[in-house]
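Please read the structure below before turning to the comments.
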Amino acid sequence: MSTTHSFEPAVPVHTYQRIVDQIERAIVSGDIPVGSQLASERDLMVQFGVSRPTVREALRILQSMGLLESRPGTRGGPVVLAPSSKTLSRSLRALVGTDALDVSALVEYRVVLEGTTSRLAAVRHNAEQLERMRTAIEQMERDAEANSDTFAATDIEFHEAIWEASGNEVLRLTGEAVSGVLRAIIQRDVENEHHDNRLKLESAAIDRSLFTAIEARDDALASRIARRAVADRFGLLVETDLDRRALEALAE
């Protein structure tokens, strides 16, 4: 007796994609260590039994994924890189750009992430990390008062210090990636706000209150301030009433 099953049509896979998959697996598994060089193009052609253009296309894709980097003067192939937040950021931007990922989901995640990292930073921070935050927030306040163009960079430095102080490497990496994508989406608005001294002063005041809560190791207050700040900052990117209600629920 035979049974029926719904199968999807078989899709041909390009030869270069098979090369990409094999090299990627070797890097992720550690078989090809970070910092080492791949074989030369000629050697890869022999190993895979393909033409030079096929190898070059595979290497181009791996470089775009942030797994390889060509360096001048090397005798072998590209150098293997450690995966970083930039790699994840590129993937997220591609997903958002092709409508495969809803911006609202990124905003919600940023609310959760900032609330969680701020809470952990209040619990785990050490003196050096707290001093880094203090230095950043004081510079933010000076930049806001002077309406300086460096305000945005200092703001990023402050939040990076919080992600680091959380002690959670996954949260730190995803924080850098997601914040980078959201900043790119609203870049035009951000550039306009950089010329508004009032908005800078308000932002600096909120971050000062967050710093004070972290310094006092008040994790609940730190989390609440961070969640509310992100929801207010990026709420305009959320389009539907249902998503706005969900965002408010996360911010509470």
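Simple scheme: letters A, B, ... for chains in structure tokens order, numbers from 1 for residues in each chain, numbers from 1 for ligands in the order shown.
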
Original post:
Could you pull out all residues of range 14-221 of chain A with a DSSP call of alpha helix (DSSP H) and give them as an MDAnalysis selection string?
Top reply: chainID A and resid 15:29 41:48 52:64 85:97 103:124 127:146 151:165 169:185 187:193 197:215 219:221

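Surrounding range 134-137 of chain A within 8 Å are A:Thr154, A:Asp155, A:Glu157, A:Phe158, A:Ala204, A:Asp207, A:Arg208, A:Phe211, with only C-alpha atoms counted and residues fewer than 5 positions along the same chain left out.
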
Subject >> Point-to-point distance in Å for CA of Phe151 in chain A and CA of Glu169 in chain A >> reply: 25.8 Å

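For the pair CA of Ser209 in chain A and CA of Ala127 in chain A, the separation is 18.3 Å.
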
Original post:
Of the residues A:Arg52, A:Arg217, A:Arg60, A:Arg142, which is the one nearest to Asn197 in chain A, using only C-alpha atoms?
Top reply: A:Arg142

**OP:** To one decimal in Å, tell me the separation between CA of Ile61 in chain A and CA of Val107 in chain A.
**Re:** 28.7 Å

**OP:** Please provide as an MDAnalysis selection string all residues within 9 Å of Ala105 in chain A, with the sequence filter that same-chain residues fewer than 4 positions apart are discarded (counting only C-alpha atoms).
**Re:** chainID A and resid 101 109:110 238 243

**OP:** Considering only C-alpha atoms, return as a PyMOL selection string whatever protein or nucleic-acid residues lie within 9 Å of Arg228 in chain A, sequence-local ones (same chain, fewer than 5 positions apart) excluded.
**Re:** chain A and resi 111+115+223+233+248+250-252

Original post:
Quick one: residues within 10 Å of range 19-22 of chain A, only C-alpha atoms counted, chain neighbours fewer than 6 positions away excluded, as a list in words?
Top reply: Leu44, Phe48, Val50, Thr54, Val55, Glu57, Ala58, Leu59, Arg60, Ile61 and Leu62 of chain A

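Near Thr212 in chain A, within 10 Å and counting only C-alpha atoms, sit Ala122, Arg134, Ile206, Asp218, Leu221 and Ala222 of chain A; same-chain residues fewer than 6 positions away were not included.
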
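Among A:Gln129, A:Ser203, A:Thr117, A:Ser148, the residue with the shortest atom-to-atom distance to Leu173 in chain A, counting only C-alpha atoms, is A:Thr117.
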
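Those residues in range 7-228 of chain A carrying a DSSP assignment of strand (DSSP E), computed from the backbone, are A:Leu68, A:Glu69, A:Val79, A:Val80.
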
**OP:** Give me the residues within 10 Å of Leu106 in chain A as a ChimeraX atom specification, counting only C-alpha atoms and dropping any in the same chain fewer than 5 places off.
**Re:** /A:92,96,101,111-112,178-179,181-182,234,237-238

Could you write those residues out with all heavy atoms, as a compact mmCIF listing (two decimals), in the first residue's frame?
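Heads up, here's the output in part-v3.txt:
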```txt
# COMPACT_ATOMS: atom_id res chain seq x y z
N LEU A 92 20.15 41.31 8.80
CA LEU A 92 18.90 41.94 9.22
C LEU A 92 18.48 43.04 8.24
O LEU A 92 17.30 43.16 7.90
CB LEU A 92 19.05 42.52 10.63
CG LEU A 92 19.15 41.51 11.77
CD1 LEU A 92 19.43 42.23 13.09
CD2 LEU A 92 17.87 40.69 11.89
N VAL A 96 14.94 43.14 6.21
CA VAL A 96 14.02 44.27 6.26
C VAL A 96 13.84 44.87 4.86
O VAL A 96 12.73 45.22 4.45
CB VAL A 96 14.54 45.35 7.24
CG1 VAL A 96 13.70 46.62 7.12
CG2 VAL A 96 14.51 44.83 8.66
N LEU A 101 11.25 40.68 6.88
CA LEU A 101 11.21 40.91 8.33
C LEU A 101 10.51 42.23 8.59
O LEU A 101 10.86 43.26 8.01
CB LEU A 101 12.63 40.93 8.90
CG LEU A 101 12.76 41.11 10.41
CD1 LEU A 101 12.14 39.92 11.13
CD2 LEU A 101 14.22 41.24 10.81
N VAL A 111 13.24 46.95 22.33
CA VAL A 111 12.66 47.27 23.64
C VAL A 111 13.04 46.19 24.65
O VAL A 111 13.50 46.49 25.77
CB VAL A 111 11.13 47.40 23.55
CG1 VAL A 111 10.52 47.50 24.95
CG2 VAL A 111 10.74 48.63 22.74
N VAL A 112 12.83 44.94 24.27
CA VAL A 112 13.17 43.82 25.16
C VAL A 112 14.66 43.81 25.45
O VAL A 112 15.08 43.63 26.61
CB VAL A 112 12.72 42.49 24.53
CG1 VAL A 112 13.22 41.31 25.36
CG2 VAL A 112 11.21 42.44 24.38
N VAL A 178 21.03 45.14 15.86
CA VAL A 178 19.66 45.68 15.75
C VAL A 178 19.67 47.20 15.81
O VAL A 178 18.96 47.87 15.05
CB VAL A 178 18.76 45.09 16.85
CG1 VAL A 178 17.40 45.79 16.85
CG2 VAL A 178 18.58 43.60 16.64
N SER A 179 20.47 47.76 16.70
CA SER A 179 20.49 49.22 16.81
C SER A 179 21.03 49.84 15.52
O SER A 179 20.56 50.89 15.07
CB SER A 179 21.35 49.67 18.00
OG SER A 179 22.72 49.33 17.79
N VAL A 181 20.67 48.65 12.48
CA VAL A 181 19.63 48.57 11.46
C VAL A 181 18.58 49.65 11.68
O VAL A 181 18.18 50.35 10.74
CB VAL A 181 18.96 47.18 11.46
CG1 VAL A 181 17.78 47.16 10.50
CG2 VAL A 181 19.96 46.11 11.08
N LEU A 182 18.14 49.82 12.92
CA LEU A 182 17.12 50.82 13.20
C LEU A 182 17.64 52.23 12.96
O LEU A 182 16.92 53.10 12.46
CB LEU A 182 16.62 50.68 14.65
CG LEU A 182 15.79 49.43 14.94
CD1 LEU A 182 15.44 49.37 16.42
CD2 LEU A 182 14.54 49.41 14.09
N PHE A 234 11.40 54.86 18.91
CA PHE A 234 11.17 54.16 17.65
C PHE A 234 9.71 53.82 17.38
O PHE A 234 9.40 53.13 16.42
CB PHE A 234 12.00 52.87 17.62
CG PHE A 234 13.48 53.11 17.67
CD1 PHE A 234 14.19 52.90 18.84
CD2 PHE A 234 14.16 53.55 16.55
CE1 PHE A 234 15.56 53.13 18.90
CE2 PHE A 234 15.53 53.78 16.59
CZ PHE A 234 16.23 53.56 17.76
N LEU A 237 7.94 53.98 13.93
CA LEU A 237 8.18 52.97 12.90
C LEU A 237 7.12 51.86 12.93
O LEU A 237 7.02 51.07 11.99
CB LEU A 237 9.56 52.34 13.08
CG LEU A 237 10.76 53.26 12.93
CD1 LEU A 237 12.05 52.50 13.19
CD2 LEU A 237 10.79 53.89 11.54
N VAL A 238 6.33 51.82 14.00
CA VAL A 238 5.30 50.80 14.16
C VAL A 238 4.01 51.32 13.52
O VAL A 238 3.53 52.40 13.87
CB VAL A 238 5.08 50.47 15.65
CG1 VAL A 238 3.94 49.47 15.82
CG2 VAL A 238 6.37 49.94 16.26
```

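Comparing A:Ala220, A:Leu201, A:Val80, A:Met45 by their smallest distance to Met140 in chain A, the closest is A:Leu201 (using only C-alpha atoms).
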
**OP:** Compare A:Gln47, A:Val230, A:Ala165, A:Thr15 by their minimum atom-to-atom distance to Arg183 in chain A, counting only C-alpha atoms, and give me the closest one.
**Re:** A:Val230

Subject >> Residue nearest Asp232 in chain A among A:Asn147, A:Glu138, A:Glu108, A:Ala216 (counting only C-alpha atoms) >> reply: A:Glu108

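Counting only C-alpha atoms and comparing A:Leu247, A:Leu171, A:Ala39, A:Val79, the residue that lies closest to Leu113 in chain A is A:Leu171.
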